[in-house]
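File shown here: my_file-v5.txt, holding compact mmCIF, C-alpha atoms and all ligand atoms.
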```txt
# COMPACT_ATOMS: atom_id res chain seq x y z
CA VAL A 1 69.19 71.88 125.14
CA ARG A 2 69.14 68.83 122.87
CA THR A 3 70.71 68.90 119.42
CA ALA A 4 69.77 66.88 116.34
CA ALA A 5 71.61 66.66 113.03
CA VAL A 6 69.78 66.36 109.71
CA ILE A 7 71.91 64.83 106.94
CA PRO A 8 70.58 65.33 103.40
CA ALA A 9 71.91 62.32 101.50
CA ALA A 10 69.41 62.04 98.67
CA GLY A 11 71.56 63.52 95.90
CA ARG A 12 72.66 61.48 92.91
CA GLY A 13 76.16 62.91 92.81
CA VAL A 14 76.24 63.27 89.03
CA ARG A 15 79.43 65.39 89.10
CA LEU A 16 81.31 62.53 90.76
CA GLY A 17 80.80 60.32 87.71
CA PRO A 18 78.57 57.29 87.05
CA GLY A 19 77.75 54.80 89.81
CA VAL A 20 75.74 54.46 93.02
CA PRO A 21 74.30 57.58 94.74
CA LYS A 22 77.14 59.69 96.11
CA ALA A 23 76.38 59.12 99.79
CA LEU A 24 76.71 55.37 99.31
CA ARG A 25 80.15 55.48 97.67
CA ALA A 26 82.89 53.90 99.74
CA LEU A 27 85.70 55.90 101.36
CA GLY A 28 88.35 53.74 102.98
CA GLY A 29 85.93 50.82 102.54
CA THR A 30 83.08 52.54 104.43
CA PRO A 31 80.16 54.39 102.75
CA MET A 32 80.54 58.16 102.75
CA LEU A 33 77.19 58.49 104.55
CA VAL A 34 78.41 56.32 107.44
CA HIS A 35 81.42 58.62 107.84
CA ALA A 36 79.09 61.63 107.85
CA VAL A 37 76.76 60.10 110.46
CA ARG A 38 79.74 59.21 112.65
CA ALA A 39 81.13 62.72 112.27
CA MET A 40 77.87 64.07 113.78
CA ALA A 41 77.55 61.31 116.39
CA ASP A 42 81.14 61.96 117.53
CA SER A 43 79.95 65.24 119.00
CA ARG A 44 78.67 64.68 122.54
CA ALA A 45 76.12 67.42 121.89
CA VAL A 46 74.35 65.47 119.14
CA SER A 47 71.84 62.87 120.38
CA LEU A 48 69.81 62.27 117.20
CA VAL A 49 70.82 62.00 113.54
CA VAL A 50 68.09 62.17 110.87
CA VAL A 51 69.35 60.76 107.57
CA VAL A 52 67.44 61.83 104.47
CA ALA A 53 67.81 58.94 102.02
CA PRO A 54 67.22 58.84 98.26
CA PRO A 55 63.40 58.77 97.72
CA ASP A 56 63.42 55.05 96.86
CA GLY A 57 66.40 54.13 99.05
CA ALA A 58 65.28 54.45 102.68
CA GLY A 59 65.30 50.67 103.19
CA GLU A 60 68.76 50.27 101.74
CA VAL A 61 70.12 53.15 103.84
CA THR A 62 68.56 51.73 107.01
CA SER A 63 70.25 48.34 106.52
CA LEU A 64 73.51 50.06 105.66
CA LEU A 65 73.48 52.04 108.91
CA ASP A 66 72.43 48.97 110.92
CA ALA A 67 75.55 47.24 109.63
CA HIS A 68 77.92 49.89 110.99
CA ALA A 69 78.71 50.72 114.61
CA LEU A 70 77.68 54.13 115.98
CA PRO A 71 78.04 55.56 119.48
CA GLU A 72 75.22 54.14 121.65
CA ARG A 73 74.03 57.50 122.88
CA THR A 74 73.03 58.49 119.33
CA ASP A 75 69.61 57.70 117.84
CA VAL A 76 69.29 57.44 114.07
CA LEU A 77 66.15 58.03 112.00
CA VAL A 78 65.97 57.46 108.23
CA VAL A 79 63.41 59.28 106.04
CA PRO A 80 62.99 59.45 102.25
CA GLY A 81 64.21 62.65 100.57
CA GLY A 82 63.03 64.82 97.69
CA GLU A 83 63.93 66.31 94.33
CA SER A 84 66.14 69.10 95.65
CA ARG A 85 68.48 69.44 98.60
CA GLN A 86 66.12 72.05 100.04
CA GLU A 87 63.16 69.67 99.85
CA SER A 88 65.24 66.88 101.40
CA VAL A 89 66.18 69.07 104.37
CA LYS A 90 62.53 70.07 104.81
CA LEU A 91 61.48 66.40 104.88
CA GLY A 92 64.17 65.76 107.49
CA LEU A 93 62.92 68.67 109.61
CA ASP A 94 59.32 67.42 109.35
CA ALA A 95 60.43 64.11 110.87
CA LEU A 96 62.20 65.71 113.84
CA PRO A 97 60.62 64.78 117.20
CA GLU A 98 59.82 67.40 119.84
CA GLY A 99 62.54 68.31 122.30
CA TYR A 100 65.39 69.10 119.92
CA ASP A 101 65.83 72.84 119.98
CA ILE A 102 69.11 73.05 118.06
CA VAL A 103 69.35 71.58 114.58
CA LEU A 104 72.48 71.00 112.54
CA VAL A 105 72.19 70.45 108.80
CA HIS A 106 75.15 68.52 107.43
CA ASP A 107 75.86 67.35 103.88
CA ALA A 108 76.48 63.63 103.53
CA ALA A 109 79.04 64.80 100.99
CA ARG A 110 81.24 66.26 103.79
CA PRO A 111 82.15 62.99 105.49
CA LEU A 112 85.37 64.12 107.17
CA VAL A 113 84.37 67.23 109.12
CA PRO A 114 86.29 67.19 112.44
CA VAL A 115 84.32 67.04 115.70
CA ASP A 116 85.80 70.36 116.88
CA THR A 117 84.10 72.12 113.98
CA VAL A 118 80.76 70.47 114.84
CA ASP A 119 81.16 71.48 118.49
CA ALA A 120 82.05 75.08 117.58
CA VAL A 121 78.83 75.38 115.53
CA VAL A 122 76.67 73.98 118.35
CA GLU A 123 78.38 76.26 120.86
CA ALA A 124 77.65 79.39 118.81
CA VAL A 125 73.95 78.46 118.54
CA ARG A 126 73.84 77.80 122.30
CA ASP A 127 75.34 81.25 122.77
CA GLY A 128 72.31 82.74 121.03
CA ALA A 129 72.99 82.93 117.29
CA PRO A 130 69.90 81.89 115.25
CA ALA A 131 72.13 80.57 112.44
CA VAL A 132 75.81 79.61 112.28
CA VAL A 133 78.03 78.55 109.36
CA PRO A 134 81.61 77.26 109.34
CA ALA A 135 83.54 79.47 106.92
CA LEU A 136 86.99 79.63 105.34
CA PRO A 137 88.78 82.37 103.37
CA LEU A 138 89.07 81.75 99.64
CA ALA A 139 92.32 80.67 98.04
CA ASP A 140 91.18 81.63 94.54
CA THR A 141 90.14 85.01 93.25
CA VAL A 142 86.47 84.88 92.24
CA LYS A 143 85.03 86.50 89.10
CA GLN A 144 81.44 87.25 88.32
CA VAL A 145 80.66 86.44 84.67
CA GLU A 146 77.88 87.00 82.19
CA PRO A 147 76.39 83.88 80.63
CA ALA A 148 78.05 82.93 77.34
CA ALA A 149 76.19 84.15 74.23
CA ALA A 150 76.12 80.55 72.97
CA PRO A 151 77.49 77.23 74.25
CA GLY A 152 81.27 77.18 73.73
CA GLU A 153 81.52 80.99 73.49
CA PRO A 154 83.61 82.81 76.15
CA GLU A 155 81.93 84.22 79.28
CA PRO A 156 82.71 87.93 79.73
CA VAL A 157 83.84 88.90 83.24
CA VAL A 158 81.69 91.64 84.74
CA ALA A 159 83.16 92.01 88.24
CA THR A 160 85.82 90.86 90.71
CA PRO A 161 84.41 90.95 94.25
CA ASP A 162 86.93 91.85 96.96
CA ARG A 163 88.23 88.45 98.01
CA SER A 164 88.98 89.54 101.56
CA THR A 165 85.24 89.88 102.25
CA LEU A 166 84.30 86.50 100.74
CA ARG A 167 84.11 83.16 102.55
CA ALA A 168 83.54 79.61 101.39
CA VAL A 169 81.00 78.05 103.73
CA GLN A 170 80.70 74.46 104.80
CA THR A 171 78.46 72.30 106.92
CA PRO A 172 77.29 71.49 109.53
CA GLN A 173 75.31 74.70 109.60
CA GLY A 174 73.61 75.18 112.97
CA PHE A 175 70.22 76.70 113.75
CA ASP A 176 67.79 77.52 116.42
CA ARG A 177 65.11 75.01 115.40
CA ALA A 178 62.19 77.44 115.28
CA THR A 179 64.19 79.76 113.01
CA LEU A 180 65.08 76.99 110.56
CA VAL A 181 61.50 75.69 110.47
CA ARG A 182 60.24 79.22 109.79
CA ALA A 183 62.83 79.68 107.03
CA HIS A 184 61.82 76.42 105.33
CA GLY A 185 58.16 77.37 105.64
CA THR A 186 58.65 80.86 104.18
CA VAL A 187 61.40 80.90 101.57
CA THR A 188 60.58 79.28 98.24
CA ASP A 189 63.52 80.54 96.12
CA ASP A 190 66.11 78.04 95.00
CA VAL A 191 68.98 78.15 97.48
CA THR A 192 72.21 76.19 97.86
CA ASP A 193 72.43 76.30 101.63
CA ASP A 194 70.10 76.62 104.61
CA ALA A 195 71.69 79.70 106.14
CA SER A 196 70.77 81.77 103.08
CA MET A 197 67.11 81.07 103.83
CA VAL A 198 67.60 82.52 107.30
CA GLU A 199 69.31 85.56 105.74
CA GLN A 200 66.19 86.03 103.63
CA LEU A 201 64.15 86.26 106.85
CA GLY A 202 66.30 89.29 107.70
CA LEU A 203 68.17 87.57 110.53
CA THR A 204 71.92 87.65 111.05
CA VAL A 205 73.92 84.53 110.24
CA VAL A 206 77.31 84.31 111.96
CA THR A 207 80.44 82.35 111.04
CA VAL A 208 82.80 80.16 113.03
CA PRO A 209 86.13 78.95 111.62
CA GLY A 210 85.65 76.16 109.11
CA HIS A 211 88.13 73.34 108.51
CA GLU A 212 89.98 72.15 105.39
CA GLU A 213 88.87 68.59 106.08
CA ALA A 214 85.21 69.60 105.95
CA PHE A 215 85.49 69.94 102.15
CA LYS A 216 82.66 68.64 99.99
CA VAL A 217 83.26 65.51 97.97
CA THR A 218 81.93 66.67 94.62
CA ARG A 219 84.31 65.73 91.80
CA PRO A 220 86.49 62.65 91.25
CA LEU A 221 89.63 64.40 92.57
CA ASP A 222 87.83 64.98 95.89
CA LEU A 223 87.63 61.19 96.36
CA VAL A 224 91.42 61.00 96.02
CA LEU A 225 91.82 63.74 98.63
CA ALA A 226 89.31 62.11 100.99
CA GLU A 227 91.14 58.77 100.79
CA ALA A 228 94.41 60.55 101.57
CA VAL A 229 92.93 62.33 104.60
CA LEU A 230 91.56 59.02 105.92
CA ALA A 231 94.88 57.26 105.37
CA ARG A 232 96.68 60.02 107.30
CA ARG A 233 94.20 59.73 110.18
CA ARG A 234 94.87 56.01 110.40
CA LEU A 235 98.64 56.48 110.79
O1 LIG B 1 74.50 68.65 95.14
P1 LIG B 1 75.21 69.07 96.37
O2 LIG B 1 76.63 68.59 96.41
O3 LIG B 1 75.06 70.52 96.72
O4 LIG B 1 74.47 68.26 97.52
C1 LIG B 1 74.74 68.53 98.87
C2 LIG B 1 74.04 67.50 99.73
O5 LIG B 1 72.64 67.54 99.51
C3 LIG B 1 74.49 66.06 99.43
O6 LIG B 1 74.77 65.44 100.68
C4 LIG B 1 73.31 65.47 98.71
O7 LIG B 1 73.15 64.08 98.94
C5 LIG B 1 72.13 66.23 99.30
N1 LIG B 1 70.95 66.25 98.41
C6 LIG B 1 69.73 65.74 98.87
N2 LIG B 1 68.63 65.72 98.05
C7 LIG B 1 68.71 66.16 96.77
C8 LIG B 1 69.93 66.69 96.28
C9 LIG B 1 71.04 66.74 97.13
O8 LIG B 1 69.64 65.32 100.02
N3 LIG B 1 67.64 66.06 96.00
```

I need this file expressed as structure tokens, please.
Ligand code: C5P
Amino acid sequence: VRTAAVIPAAGRGVRLGPGVPKALRALGGTPMLVHAVRAMADSRAVSLVVVVAPPDGAGEVTSLLDAHALPERTDVLVVPGGESRQESVKLGLDALPEGYDIVLVHDAARPLVPVDTVDAVVEAVRDGAPAVVPALPLADTVKQVEPAAAPGEPEPVVATPDRSTLRAVQTPQGFDRATLVRAHGTVTDDVTDDASMVEQLGLTVVTVPGHEEAFKVTRPLDLVLAEAVLARRRL
């Protein structure tokens, strides 16, 4: 069974501060997106990577990827993305050739996911799960709040879900292709990950152990952490 990875990389990365789109920011001198593509290509299971570029940036992303070495067994396809992450993933799926029956969806913003995590996700899909997410226990207690009455007013806490039953989920998320295509063709609600669309179809999503280094580069401090992880790997 052949596996493809779709990498949504069309986000602006506003929370990271001003500058170029997030996926094009450098980490250890190499664009974050190149790290993310390599992280997928490092898995022997993955033979195609579909990169979903900013809507007006497909040319720039193509030249960027051409300028960086990737394993020869991996094909790369670049397509323009959309307004939301969900739309970008859908555009990536639409571009997927026949013959790839397992699809990973991986955030460009998680450039340092270890290959063992990627392989564990693929393995669980091969074993028959329609949808698989890497998951970690939470360090923080999580509160559910009510919206503030007005900007600057406090947010009243309404509940504290039992932390032991909560997980923070990462990417790559892995899917049986037909299931993911059906989810993207059916679910129109705003979602923040692909697995939740499969949940909405009534199917069971399973977890595999996530990894600390698969964290999402979202805020400026995450760039500091990512540089430190890279520096440690180069020792
Ligand atoms: O915004 P967030 O951090 O959740 O974005 C996760 C991933 O989705 C990022 O890799 C980002 O580039 C991608 N994305 C996208 N198209 C959008 C918005 C986000 O491909 N319109």

Each residue of chain A with at least one atom at most 6 Å from ligand LIG 1 (chain B) should appear once, together with its nearest atom pair and the corresponding distance in Å (one decimal); atoms considered: all atoms listed in the file; ordering: chain, then increasing residue number; output as a Markdown table.
```
| residue | atom | partner | partner_atom | distance |
| --- | --- | --- | --- | --- |
| A:Pro8 | CA | B:LIG1 | O8 | 3.5 |
| A:Ala9 | CA | B:LIG1 | O7 | 3.3 |
| A:Ala10 | CA | B:LIG1 | O8 | 3.6 |
| A:Gly11 | CA | B:LIG1 | O7 | 3.5 |
| A:Ala23 | CA | B:LIG1 | O7 | 6.0 |
| A:Gly81 | CA | B:LIG1 | N2 | 5.9 |
| A:Gly82 | CA | B:LIG1 | N3 | 5.1 |
| A:Glu83 | CA | B:LIG1 | N3 | 4.1 |
| A:Ser84 | CA | B:LIG1 | N3 | 3.4 |
| A:Arg85 | CA | B:LIG1 | C7 | 3.8 |
| A:Ser88 | CA | B:LIG1 | O8 | 4.9 |
| A:Asp107 | CA | B:LIG1 | O6 | 3.9 |
| A:Ala108 | CA | B:LIG1 | O6 | 3.8 |
| A:Ala109 | CA | B:LIG1 | O6 | 4.3 |
| A:Thr218 | CA | B:LIG1 | O2 | 5.9 |
```

For the residues selected in the previous step, produce a file with C-alpha atoms as a compact mmCIF listing (two decimals), in the frame of the given file.
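Output (result.txt):
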```txt
# COMPACT_ATOMS: atom_id res chain seq x y z
CA PRO A 8 70.58 65.33 103.40
CA ALA A 9 71.91 62.32 101.50
CA ALA A 10 69.41 62.04 98.67
CA GLY A 11 71.56 63.52 95.90
CA ALA A 23 76.38 59.12 99.79
CA GLY A 81 64.21 62.65 100.57
CA GLY A 82 63.03 64.82 97.69
CA GLU A 83 63.93 66.31 94.33
CA SER A 84 66.14 69.10 95.65
CA ARG A 85 68.48 69.44 98.60
CA SER A 88 65.24 66.88 101.40
CA ASP A 107 75.86 67.35 103.88
CA ALA A 108 76.48 63.63 103.53
CA ALA A 109 79.04 64.80 100.99
CA THR A 218 81.93 66.67 94.62
```

Name the residues in contact with A:Gly128 at a cut-off of 12 Å, using all atoms listed in the file, excluding same-chain residues fewer than 6 positions from it; report them as a PyMOL selection string.
-> chain A and resi 101-102+121-122+174-177+179+204-206

Protein/DNA/RNA residues near (69.0, 53.9, 103.9), cut 12 Å, only C-alpha atoms, as a PyMOL selection string | chain A and resi 7-10+21+23-24+31+33-34+37+50-67+76-81

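Atom CA of A:Pro71 sits 22.0 Å away from atom CA of A:Ala231.
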
For A:Leu203, which residue among A:Ala183, A:Leu166, A:Leu96, A:Met32 is the nearest when counting all atoms listed in the file?
-> A:Ala183

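Separating atom CA of A:Ala4 from atom CA of A:Met40 is a distance of 8.9 Å.
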
Choose the residue, out of A:Leu48, A:Val103, A:Val113, A:Ala178, that has the smallest atom-to-atom separation from A:Val125; count only C-alpha atoms.
-> A:Val103

Could you list, as a short mmCIF file (atom, residue, chain, number, x, y, z; two decimals) with C-alpha atoms, in the coordinates of the input, every residue within 8 Å of stretch 195-200 of chain A, counting all atoms listed in the file and ignoring same-chain residues fewer than 6 positions away?
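Result written to part_8.cif:
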```
data_model
loop_
_atom_site.label_atom_id
_atom_site.label_comp_id
_atom_site.auth_asym_id
_atom_site.auth_seq_id
_atom_site.Cartn_x
_atom_site.Cartn_y
_atom_site.Cartn_z
CA ALA A 131 72.13 80.57 112.44
CA VAL A 132 75.81 79.61 112.28
CA VAL A 133 78.03 78.55 109.36
CA GLN A 173 75.31 74.70 109.60
CA THR A 179 64.19 79.76 113.01
CA LEU A 180 65.08 76.99 110.56
CA ALA A 183 62.83 79.68 107.03
CA HIS A 184 61.82 76.42 105.33
CA VAL A 187 61.40 80.90 101.57
#
```
